[in-house]
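Here is the file protein.cif (mmCIF, C-alpha atoms and all ligand atoms).
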```
data_input
loop_
_atom_site.label_atom_id
_atom_site.label_comp_id
_atom_site.auth_asym_id
_atom_site.auth_seq_id
_atom_site.Cartn_x
_atom_site.Cartn_y
_atom_site.Cartn_z
CA MET A 1 90.64 92.61 140.07
CA ARG A 2 91.44 91.14 143.49
CA ASN A 3 94.29 93.39 144.68
CA PHE A 4 95.76 96.67 143.45
CA THR A 5 99.48 96.79 144.11
CA SER A 6 100.98 97.25 140.65
CA VAL A 7 99.95 97.64 137.01
CA ASN A 8 100.33 93.86 136.79
CA ASP A 9 97.06 93.51 138.71
CA LEU A 10 95.36 94.70 135.51
CA ILE A 11 96.59 91.66 133.60
CA SER A 12 93.46 89.61 133.00
CA PRO A 13 91.87 88.08 129.89
CA SER A 14 88.64 89.88 130.80
CA TYR A 15 90.40 93.27 130.50
CA GLY A 16 91.76 92.57 126.99
CA GLY A 17 95.33 93.81 127.56
CA VAL A 18 96.92 96.10 130.15
CA GLY A 19 96.79 99.21 127.94
CA LYS A 20 93.03 98.75 127.48
CA ALA A 21 92.56 98.08 131.19
CA ILE A 22 94.37 101.32 132.03
CA ASP A 23 92.22 103.23 129.54
CA ALA A 24 89.07 101.71 131.07
CA LEU A 25 90.13 102.81 134.57
CA VAL A 26 91.00 106.28 133.26
CA GLN A 27 87.57 106.62 131.61
CA LYS A 28 85.87 105.39 134.79
CA ALA A 29 87.84 107.88 136.88
CA LEU A 30 86.95 110.78 134.57
CA ALA A 31 83.29 109.72 134.69
CA TYR A 32 83.46 109.83 138.51
CA LYS A 33 85.07 113.26 138.31
CA ALA A 34 82.10 114.47 136.25
CA SER A 35 79.58 112.74 138.50
CA PRO A 36 81.07 111.66 141.87
CA PHE A 37 77.99 109.98 143.36
CA THR A 38 76.73 107.78 140.51
CA ASP A 39 77.75 104.64 142.44
CA LYS A 40 76.82 105.92 145.88
CA SER A 41 75.28 102.58 146.88
CA LEU A 42 78.04 100.29 145.50
CA GLY A 43 79.87 100.19 148.84
CA THR A 44 76.88 100.40 151.21
CA ASN A 45 77.54 98.47 154.43
CA LYS A 46 81.19 97.93 153.46
CA ARG A 47 84.29 99.20 155.24
CA ILE A 48 87.79 99.96 154.05
CA GLY A 49 90.62 99.96 156.56
CA CYS A 50 93.42 102.34 155.60
CA LEU A 51 96.61 101.43 157.45
CA PHE A 52 99.43 103.94 157.47
CA LEU A 53 102.88 102.78 158.53
CA ASN A 54 104.21 106.09 157.17
CA PRO A 55 102.95 109.69 156.81
CA SER A 56 100.58 110.87 154.08
CA MET A 57 98.33 113.76 153.19
CA ARG A 58 96.96 113.28 149.65
CA THR A 59 96.73 109.49 149.66
CA ARG A 60 95.01 109.40 153.02
CA LEU A 61 92.42 112.08 152.27
CA SER A 62 91.70 111.14 148.65
CA THR A 63 91.17 107.48 149.55
CA GLN A 64 88.73 108.43 152.32
CA ILE A 65 86.79 110.71 149.98
CA ALA A 66 86.76 108.08 147.22
CA ALA A 67 85.43 105.44 149.61
CA GLN A 68 82.75 107.79 150.92
CA ASN A 69 81.68 108.67 147.36
CA LEU A 70 80.99 104.95 146.88
CA GLY A 71 79.03 104.72 150.14
CA MET A 72 81.83 102.89 152.01
CA GLU A 73 82.97 103.70 155.49
CA PRO A 74 86.72 104.38 155.63
CA ILE A 75 88.56 103.80 158.90
CA ILE A 76 92.07 105.18 159.20
CA PHE A 77 94.62 103.50 161.46
CA ASN A 78 98.07 105.06 161.81
CA VAL A 79 99.79 101.79 162.61
CA GLY A 80 103.22 103.41 162.48
CA SER A 81 102.50 105.87 165.29
CA GLU A 82 99.44 104.45 167.10
CA GLY A 83 99.53 100.68 166.68
CA TRP A 84 101.66 97.83 167.96
CA MET A 85 104.92 97.50 166.12
CA LEU A 86 104.42 94.74 163.57
CA GLU A 87 106.76 91.87 162.73
CA PHE A 88 106.78 90.69 159.10
CA GLU A 89 109.49 87.98 158.99
CA GLU A 90 108.30 84.37 159.06
CA GLU A 91 109.48 82.34 162.07
CA ALA A 92 110.81 85.47 163.80
CA ILE A 93 111.80 85.16 167.44
CA MET A 94 110.03 88.27 168.66
CA SER A 95 112.33 89.21 171.53
CA GLY A 96 113.12 92.66 170.11
CA THR A 97 110.97 95.71 169.45
CA THR A 98 108.16 94.12 167.41
CA VAL A 99 105.05 93.28 169.44
CA GLU A 100 102.60 91.65 167.03
CA HIS A 101 103.14 89.46 163.98
CA VAL A 102 101.37 90.35 160.73
CA LYS A 103 100.19 86.71 160.75
CA ASP A 104 98.07 87.54 163.77
CA ALA A 105 97.13 91.14 162.96
CA ALA A 106 96.21 90.80 159.24
CA PRO A 107 93.47 88.17 159.75
CA VAL A 108 91.89 90.47 162.34
CA PHE A 109 91.89 93.33 159.83
CA GLY A 110 90.37 90.81 157.40
CA LYS A 111 87.43 90.32 159.78
CA TYR A 112 86.95 94.04 160.47
CA PHE A 113 87.09 95.27 156.88
CA ASP A 114 86.01 94.40 153.32
CA ILE A 115 89.08 96.00 151.70
CA LEU A 116 92.45 96.71 153.29
CA ALA A 117 94.62 99.58 152.04
CA ILE A 118 98.22 99.95 153.23
CA ARG A 119 101.02 102.50 153.00
CA THR A 120 104.54 101.39 153.72
CA PHE A 121 107.90 102.88 152.74
CA PRO A 122 111.24 101.21 151.97
CA SER A 123 114.07 101.22 154.50
CA LEU A 124 116.50 102.29 151.72
CA LYS A 125 119.10 100.20 153.57
CA ASN A 126 118.79 96.80 151.92
CA ARG A 127 117.64 96.69 148.30
CA ASP A 128 116.75 93.00 148.25
CA ASP A 129 114.57 93.42 151.34
CA ASP A 130 112.79 96.48 149.96
CA TYR A 131 112.31 95.01 146.48
CA SER A 132 110.91 91.79 147.97
CA GLU A 133 107.84 93.84 149.00
CA LEU A 134 107.54 91.66 152.09
CA TYR A 135 105.16 93.97 153.96
CA ILE A 136 102.44 94.19 151.33
CA LYS A 137 102.86 90.54 150.35
CA GLN A 138 102.38 89.44 153.96
CA PHE A 139 99.18 91.47 154.22
CA ILE A 140 97.91 89.87 150.99
CA LYS A 141 98.86 86.43 152.30
CA TYR A 142 97.22 86.74 155.71
CA ALA A 143 94.35 89.29 155.46
CA GLY A 144 92.03 87.19 153.28
CA ILE A 145 90.45 90.30 151.72
CA PRO A 146 91.45 92.51 148.76
CA VAL A 147 94.53 94.66 149.42
CA VAL A 148 95.20 98.07 147.88
CA SER A 149 98.65 99.67 147.91
CA LEU A 150 98.67 103.25 149.14
CA GLU A 151 102.40 103.19 148.22
CA SER A 152 104.69 100.29 148.95
CA ALA A 153 108.44 99.88 149.18
CA THR A 154 108.93 100.09 145.42
CA LEU A 155 105.68 101.25 143.77
CA HIS A 156 102.90 103.84 144.05
CA PRO A 157 100.19 102.59 141.68
CA LEU A 158 97.35 104.95 142.72
CA GLN A 159 99.70 107.87 142.03
CA SER A 160 100.60 106.49 138.60
CA LEU A 161 97.00 105.88 137.60
CA THR A 162 96.28 109.45 138.70
CA ASP A 163 99.16 110.68 136.55
CA ILE A 164 97.78 108.99 133.44
CA ILE A 165 94.29 110.35 134.19
CA THR A 166 95.81 113.84 134.43
CA ILE A 167 97.75 113.40 131.19
CA GLN A 168 94.65 112.08 129.38
CA GLU A 169 92.60 115.00 130.70
CA ALA A 170 95.15 117.49 129.32
CA LEU A 171 95.23 115.67 125.97
CA ASN A 172 91.41 115.75 125.79
CA LEU A 173 91.46 119.49 126.44
CA LYS A 174 93.85 120.01 123.51
CA SER A 175 92.00 117.40 121.38
CA GLN A 176 95.44 115.80 120.89
CA THR A 177 95.16 112.28 119.54
CA SER A 178 98.85 111.70 118.67
CA ASN A 179 101.08 110.11 121.30
CA PRO A 180 102.57 112.77 123.61
CA LYS A 181 106.24 113.02 124.51
CA ILE A 182 106.42 112.39 128.25
CA VAL A 183 109.66 113.05 130.12
CA LEU A 184 110.44 111.81 133.62
CA THR A 185 113.26 113.97 134.94
CA TRP A 186 115.31 113.45 138.09
CA ALA A 187 115.42 116.46 140.41
CA PRO A 188 117.72 117.36 143.30
CA HIS A 189 116.71 116.73 146.91
CA VAL A 190 118.33 117.11 150.31
CA LYS A 191 117.82 113.50 151.42
CA PRO A 192 117.54 110.07 149.83
CA LEU A 193 113.98 109.33 148.70
CA PRO A 194 112.40 106.05 147.60
CA GLN A 195 112.31 105.06 143.93
CA CYS A 196 108.59 104.17 144.19
CA VAL A 197 107.04 107.05 142.27
CA ALA A 198 109.62 106.94 139.47
CA ASN A 199 109.45 103.12 139.21
CA SER A 200 105.70 103.15 139.18
CA PHE A 201 105.35 106.03 136.71
CA SER A 202 107.74 104.22 134.36
CA GLN A 203 105.91 100.92 134.77
CA TRP A 204 102.50 102.48 134.04
CA ILE A 205 103.56 104.71 131.13
CA ASN A 206 105.31 101.77 129.48
CA ALA A 207 102.28 99.53 130.02
CA TRP A 208 99.92 102.23 128.73
CA GLY A 209 101.91 102.27 125.49
CA LYS A 210 100.58 105.60 124.26
CA ALA A 211 103.60 107.86 124.70
CA ASP A 212 107.08 108.62 123.48
CA PHE A 213 108.58 108.07 126.94
CA VAL A 214 111.99 109.48 127.92
CA ILE A 215 113.70 109.24 131.32
CA THR A 216 116.55 111.60 132.16
CA HIS A 217 118.77 111.52 135.22
CA PRO A 218 122.40 112.06 136.25
CA GLU A 219 124.84 109.17 135.86
CA ASP A 220 124.50 106.55 138.63
CA TYR A 221 120.77 107.18 139.08
CA GLU A 222 119.58 104.31 136.87
CA LEU A 223 116.29 102.80 137.99
CA SER A 224 115.53 99.10 137.84
CA GLU A 225 115.21 97.92 134.25
CA GLU A 226 112.20 95.89 135.36
CA PHE A 227 110.23 99.15 135.29
CA THR A 228 112.06 101.33 132.75
CA LYS A 229 112.40 98.81 129.89
CA GLY A 230 110.83 100.38 126.81
CA ALA A 231 111.74 103.99 127.71
CA THR A 232 114.54 106.03 126.15
CA ILE A 233 117.08 106.86 128.86
CA THR A 234 119.52 109.78 128.64
CA HIS A 235 121.79 111.76 130.96
CA ASN A 236 121.28 114.85 128.81
CA GLN A 237 118.36 116.67 130.40
CA ASN A 238 118.13 119.39 127.74
CA GLU A 239 117.97 116.82 124.97
CA ALA A 240 115.23 114.96 126.86
CA LEU A 241 113.17 118.09 127.44
CA THR A 242 113.20 119.17 123.81
CA ASP A 243 109.64 119.11 122.41
CA ALA A 244 108.23 117.41 125.52
CA ASP A 245 104.46 117.66 126.07
CA PHE A 246 104.63 116.61 129.73
CA VAL A 247 107.50 116.83 132.20
CA TYR A 248 107.23 114.73 135.33
CA VAL A 249 109.67 115.94 137.98
CA LYS A 250 110.82 113.62 140.77
CA ASN A 251 113.80 112.91 142.92
CA TRP A 252 114.90 109.37 143.67
CA SER A 253 117.91 107.89 145.42
CA THR A 254 120.33 105.48 143.75
CA TYR A 255 119.21 101.97 142.88
CA ASN A 256 122.53 100.22 142.17
CA ASP A 257 124.55 101.50 145.15
CA TYR A 258 121.30 101.43 147.01
CA GLY A 259 119.61 104.36 148.74
CA LYS A 260 122.27 107.07 148.31
CA ILE A 261 122.33 110.63 146.99
CA TYR A 262 125.48 111.62 145.11
CA GLU A 263 124.22 114.42 142.97
CA SER A 264 122.36 117.36 144.36
CA ASP A 265 123.58 119.78 141.72
CA PRO A 266 120.90 122.48 141.40
CA LYS A 267 121.46 122.46 137.63
CA TRP A 268 119.04 119.51 137.48
CA MET A 269 116.20 121.62 138.90
CA LEU A 270 113.58 122.44 136.26
CA THR A 271 113.48 126.16 135.50
CA LYS A 272 111.47 128.43 133.21
CA LYS A 273 114.48 128.65 130.90
CA LYS A 274 114.60 124.86 130.51
CA LEU A 275 110.87 124.73 129.99
CA GLU A 276 111.37 126.84 126.86
CA LEU A 277 112.90 123.75 125.22
CA THR A 278 109.60 121.91 125.55
CA ASN A 279 106.38 122.02 123.58
CA ASN A 280 104.91 124.32 126.26
CA ALA A 281 104.90 121.21 128.46
CA LYS A 282 102.62 120.65 131.39
CA VAL A 283 104.68 120.09 134.54
CA MET A 284 103.75 117.35 136.98
CA HIS A 285 104.92 116.30 140.44
CA CYS A 286 103.27 113.91 142.88
CA LEU A 287 103.77 116.29 145.85
CA PRO A 288 104.95 117.00 148.49
CA VAL A 289 107.62 119.06 146.73
CA ARG A 290 110.57 120.98 148.16
CA ARG A 291 110.30 124.37 146.48
CA ASN A 292 113.42 125.77 144.91
CA VAL A 293 115.22 122.48 145.50
CA GLU A 294 113.24 120.03 143.35
CA LEU A 295 111.16 122.57 141.44
CA SER A 296 111.41 126.35 141.20
CA ASP A 297 108.71 128.76 142.42
CA GLU A 298 108.50 130.16 138.90
CA ILE A 299 107.40 126.78 137.56
CA LEU A 300 105.16 125.76 140.45
CA ASP A 301 103.38 129.12 140.47
CA GLY A 302 103.32 129.43 136.69
CA PRO A 303 100.74 128.45 134.04
CA ASN A 304 102.43 125.17 133.05
CA SER A 305 102.13 123.53 136.46
CA ILE A 306 99.26 121.06 136.82
CA VAL A 307 100.31 119.70 140.21
CA THR A 308 97.11 120.75 142.02
CA GLN A 309 94.91 119.23 139.34
CA GLU A 310 97.07 116.11 139.54
CA ALA A 311 96.66 115.86 143.33
CA SER A 312 92.91 116.44 143.06
CA ASN A 313 92.67 113.55 140.58
CA ARG A 314 93.89 111.20 143.30
CA ILE A 315 90.24 110.95 144.41
CA TRP A 316 89.00 109.71 141.02
CA ALA A 317 91.82 107.21 140.62
CA ALA A 318 91.07 105.73 144.04
CA GLN A 319 87.33 105.73 143.36
CA ALA A 320 87.76 103.88 140.03
CA VAL A 321 90.00 101.25 141.67
CA LEU A 322 87.79 100.72 144.73
CA ALA A 323 84.69 100.44 142.52
CA GLU A 324 86.41 97.82 140.34
CA ILE A 325 87.42 95.80 143.43
CA LEU A 326 83.91 96.04 144.91
CA ARG A 327 82.39 94.86 141.62
CA SER A 328 84.90 92.01 141.15
CA ASN A 329 84.71 90.72 144.71
CA GLY A 330 81.01 90.95 145.49
N1 LIG B 401 101.66 111.95 146.43
C1 LIG B 401 101.42 111.38 147.62
O1 LIG B 401 101.38 110.15 147.77
O2 LIG B 401 101.19 112.28 148.63
P1 LIG B 401 101.09 111.91 150.17
O3 LIG B 401 102.43 111.33 150.58
O4 LIG B 401 100.77 113.20 150.86
O5 LIG B 401 100.01 110.89 150.34
#
```

Would you put the structure from the file into C-alpha cells?
Amino acid sequence: MRNFTSVNDLISPSYGGVGKAIDALVQKALAYKASPFTDKSLGTNKRIGCLFLNPSMRTRLSTQIAAQNLGMEPIIFNVGSEGWMLEFEEEAIMSGTTVEHVKDAAPVFGKYFDILAIRTFPSLKNRDDDYSELYIKQFIKYAGIPVVSLESATLHPLQSLTDIITIQEALNLKSQTSNPKIVLTWAPHVKPLPQCVANSFSQWINAWGKADFVITHPEDYELSEEFTKGATITHNQNEALTDADFVYVKNWSTYNDYGKIYESDPKWMLTKKKLELTNNAKVMHCLPVRRNVELSDEILDGPNSIVTQEASNRIWAAQAVLAEILRSNG
C-alpha cells in the first residue's frame, strides 16, 4: 500500500480482494491492541509529518500514539493556524491571500518526512471542488512520499477502519458469526457538516461485504451513490432500526443541493425508546457529538453506547495502516 486515502487503496492483487484486505487490517489492529509494542522497531529512524489544516482531537492524538508505538517520530504541524496559507490551484496567480504553493511546500515535506498525513475539510460551498479532492491529490502528486488521509473533503478512512474494528470486536465478544444488521442513521445538527464520515462509513461497510447495511435519513439528504451503492436506503427511521445490531449515528449536510441543512427536526435524534426497536444494538458515533442534539444523554451515558471504545480504537487502526505502509515502502 502506497497511500491511504480511501478503501480503494486496498485494491491490490496481493491483498486478494478488498473485503479480505479489510479483514487483514482489522486483525492486525486487534493484534496491536493486545500487544501495542510488537513492532516497536519497524519505524525506527523514520518520521511522520501530521499536517492539520483543520481542528482535531482524536485523529491527532491517536496517530501520534500509533506512530510512537511503531518507533516513529511524529511531528505535528497545524498548517491551518500556524503555517503559510497554501495555494492548491495549478497556474494560480498568487496575488491574493495564499502565500505558498503546495508545489513548493509538499516536496519540502517530502524531504523532512517518510510519511505525510493530512487533515483537510470541504468548503461545503462548491460540490465539484470538494469532491475533486484537490488538496490531498496535490499532496500525493508533489510530496513524493506516502500520504495518509486524516480526513479529507469527502472521506475519513481511518475513522471507517476503526468503525469496522469496533464492530468486529463486538461481534467477537458475542461469538456472532452471522452478518450483523448495521444502520447508518442521519441525526440533527445545528450547522451543516461534511458528508465525509457517512460517505466513508458507507464505502467501507459496502466493501467489507459482511453486513446487512441500511442507511436512513430524511428526504433530500441522499449521499453520493458512489459510496452508498449496495446499501438499502429508507426515509423510515423506525423501519431501519428494527432488529439492528449496530446503529451508527451521524449528521451530514445535503449532497444534491450542496452543503445545506433543511431538516433539524429533533424527531430524528436517537432515543432510548427508538433503541427498543433494535436487537439491543450497540450505538456508535465518531465524536465529537453534540449531546441532546445529535444523540441523547440517555443513549451516550447508557450501556449500549460504545463511542469511547470506538474512539480508543483509532490508535490501532492508525497503527495497522502505518505499519502496512512502512512494510510496503521500505
Ligand atoms: N472522529 C474524529 O475524527 O475526531 P477528531 O475530529 O477529534 O479528530

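Using all atoms listed in the file, we find that the residues with an atom at most 6 Å from any atom of ligand LIG 401 (chain B) are Ser56, Met57, Arg58, Thr59, Arg60, Cys286 and Leu287 of chain A.
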
Under the rule that only C-alpha atoms are counted, which of A:Asn54, A:Thr242, A:Ser264, A:Thr185 is the nearest residue to Ser152 in chain A?
A:Asn54

In terms of the shortest atom-to-atom distance over all atoms listed in the file, which of A:Pro266, A:Pro288, A:Pro188, A:Pro157 is closest to Val321 in chain A?
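Ranked by minimum distance to Val321 in chain A, first place goes to A:Pro157.
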
Quick one: residues within 8 Å of Ile299 in chain A, only C-alpha atoms, excluding same-chain residues fewer than 2 positions away - as a PDB file with C-alpha atoms, keeping the file's coordinate frame?
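Printed below is out_34.pdb as written:
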```pdb
ATOM      1  CA  LEU A 270     113.580 122.440 136.260  1.00  0.00           C
ATOM      2  CA  THR A 271     113.480 126.160 135.500  1.00  0.00           C
ATOM      3  CA  LYS A 272     111.470 128.430 133.210  1.00  0.00           C
ATOM      4  CA  VAL A 283     104.680 120.090 134.540  1.00  0.00           C
ATOM      5  CA  LEU A 295     111.160 122.570 141.440  1.00  0.00           C
ATOM      6  CA  SER A 296     111.410 126.350 141.200  1.00  0.00           C
ATOM      7  CA  ASP A 297     108.710 128.760 142.420  1.00  0.00           C
ATOM      8  CA  ASP A 301     103.380 129.120 140.470  1.00  0.00           C
ATOM      9  CA  GLY A 302     103.320 129.430 136.690  1.00  0.00           C
ATOM     10  CA  PRO A 303     100.740 128.450 134.040  1.00  0.00           C
ATOM     11  CA  ASN A 304     102.430 125.170 133.050  1.00  0.00           C
ATOM     12  CA  SER A 305     102.130 123.530 136.460  1.00  0.00           C
TER      13      SER A 305
END
```

Selection near Val102 in chain A, 6 Å with only C-alpha atoms, sequence-local residues under 4 positions removed, as an mmCIF file with C-alpha atoms, in the frame of the given file:
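Output saved as around-v2.cif:
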```
data_model
loop_
_atom_site.group_PDB
_atom_site.id
_atom_site.type_symbol
_atom_site.label_atom_id
_atom_site.label_comp_id
_atom_site.auth_asym_id
_atom_site.auth_seq_id
_atom_site.Cartn_x
_atom_site.Cartn_y
_atom_site.Cartn_z
ATOM 1 C CA GLU A 87 106.760 91.870 162.730
ATOM 2 C CA PHE A 88 106.780 90.690 159.100
ATOM 3 C CA ALA A 106 96.210 90.800 159.240
#
```

Select, from A:Lys181, A:Lys28, A:Lys33, A:Arg47, the residue with the minimum atom-to-atom distance to Gln309 in chain A, counting only C-alpha atoms.
A:Lys33

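If all atoms listed in the file are the atoms counted, then among A:Ala231, A:Val190, A:Ala311, A:Leu241 the closest residue to Gly209 in chain A is A:Ala231.
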
If we count only C-alpha atoms and set the cut-off at 7 Å, which residues sit around range 64-72 of chain A, ignoring sequence neighbours fewer than 5 positions away in its own chain? Please answer as a PDB file with C-alpha atoms, in the frame of the given file.
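The resulting around19.pdb:
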```
ATOM      1  CA  PRO A  36      81.070 111.660 141.870  1.00  0.00           C
ATOM      2  CA  PHE A  37      77.990 109.980 143.360  1.00  0.00           C
ATOM      3  CA  ASP A  39      77.750 104.640 142.440  1.00  0.00           C
ATOM      4  CA  LYS A  40      76.820 105.920 145.880  1.00  0.00           C
ATOM      5  CA  SER A  41      75.280 102.580 146.880  1.00  0.00           C
ATOM      6  CA  LEU A  42      78.040 100.290 145.500  1.00  0.00           C
ATOM      7  CA  GLY A  43      79.870 100.190 148.840  1.00  0.00           C
ATOM      8  CA  THR A  44      76.880 100.400 151.210  1.00  0.00           C
ATOM      9  CA  ASN A  45      77.540  98.470 154.430  1.00  0.00           C
ATOM     10  CA  LYS A  46      81.190  97.930 153.460  1.00  0.00           C
ATOM     11  CA  ARG A  47      84.290  99.200 155.240  1.00  0.00           C
ATOM     12  CA  ILE A  48      87.790  99.960 154.050  1.00  0.00           C
ATOM     13  CA  ILE A 315      90.240 110.950 144.410  1.00  0.00           C
ATOM     14  CA  TRP A 316      89.000 109.710 141.020  1.00  0.00           C
ATOM     15  CA  ALA A 318      91.070 105.730 144.040  1.00  0.00           C
ATOM     16  CA  GLN A 319      87.330 105.730 143.360  1.00  0.00           C
TER      17      GLN A 319
END
```

Nearest residue to Val247 in chain A from the set A:Lys125, A:Lys282, A:Lys174, A:Lys267 (distances using only C-alpha atoms):
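For Val247 in chain A, the nearest of the candidates is A:Lys282.
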
Calculated over all atoms listed in the file, which of the candidates A:Asn238, A:Arg127, A:Val214, A:Arg291 has the smallest distance to Lys273 in chain A?
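The answer is A:Asn238, which sits nearest to Lys273 in chain A.
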
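Atom to atom, CA of Ile182 in chain A and CA of Asp257 in chain A stand 27.1 Å apart.
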
Is it possible to get the axis-aligned box enclosing range 282-289 of chain A (all listed atoms, 4 Å extra per side) as JSON, with centre and edge lengths in Å rounded to one decimal?
```
{"center_x": 105.1, "center_y": 117.3, "center_z": 139.9, "size_x": 13.0, "size_y": 14.7, "size_z": 25.1}
```

Using only C-alpha atoms, find all polymer residues with an atom at most 12 Å away from the point (102.0, 116.1, 136.4); report them as a ChimeraX atom specification.
/A:159-170,182-185,197,201,245-250,281-287,300,304-314

Pick out the residues sitting within 12 Å of Glu263 in chain A, and hand them over as a list in words; count only C-alpha atoms, and ignore anything fewer than 3 positions along from it in its own chain.
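Contacts, in chain order: Trp186, Ala187, Pro188, His189, Val190, Lys191, Pro192, His217, Pro218, Glu219, Asp220, Tyr221, Asn251, Trp252, Ser253, Thr254, Lys260, Pro266, Lys267, Trp268 and Met269 of chain A.
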
Could you jot down the CA of Ser123 in chain A to CA of Gly83 in chain A separation for me, Å, one decimal place?
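The value is 19.0 Å.
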
May I have the residues within 8 Å of Ser202 in chain A as a list in words, using all atoms listed in the file and disregarding those fewer than 2 positions away in the same chain?
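Skipping anything fewer than 2 positions along the chain leaves Ala198, Asn199, Ser200, Trp204, Ile205, Asn206, Phe227, Thr228 and Ala231 of chain A.
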
Quick check, in Å to one decimal: how far apart do CA of Arg290 in chain A and CA of Asn78 in chain A lie?
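Going from CA of Arg290 in chain A over to CA of Asn78 in chain A covers 24.4 Å.
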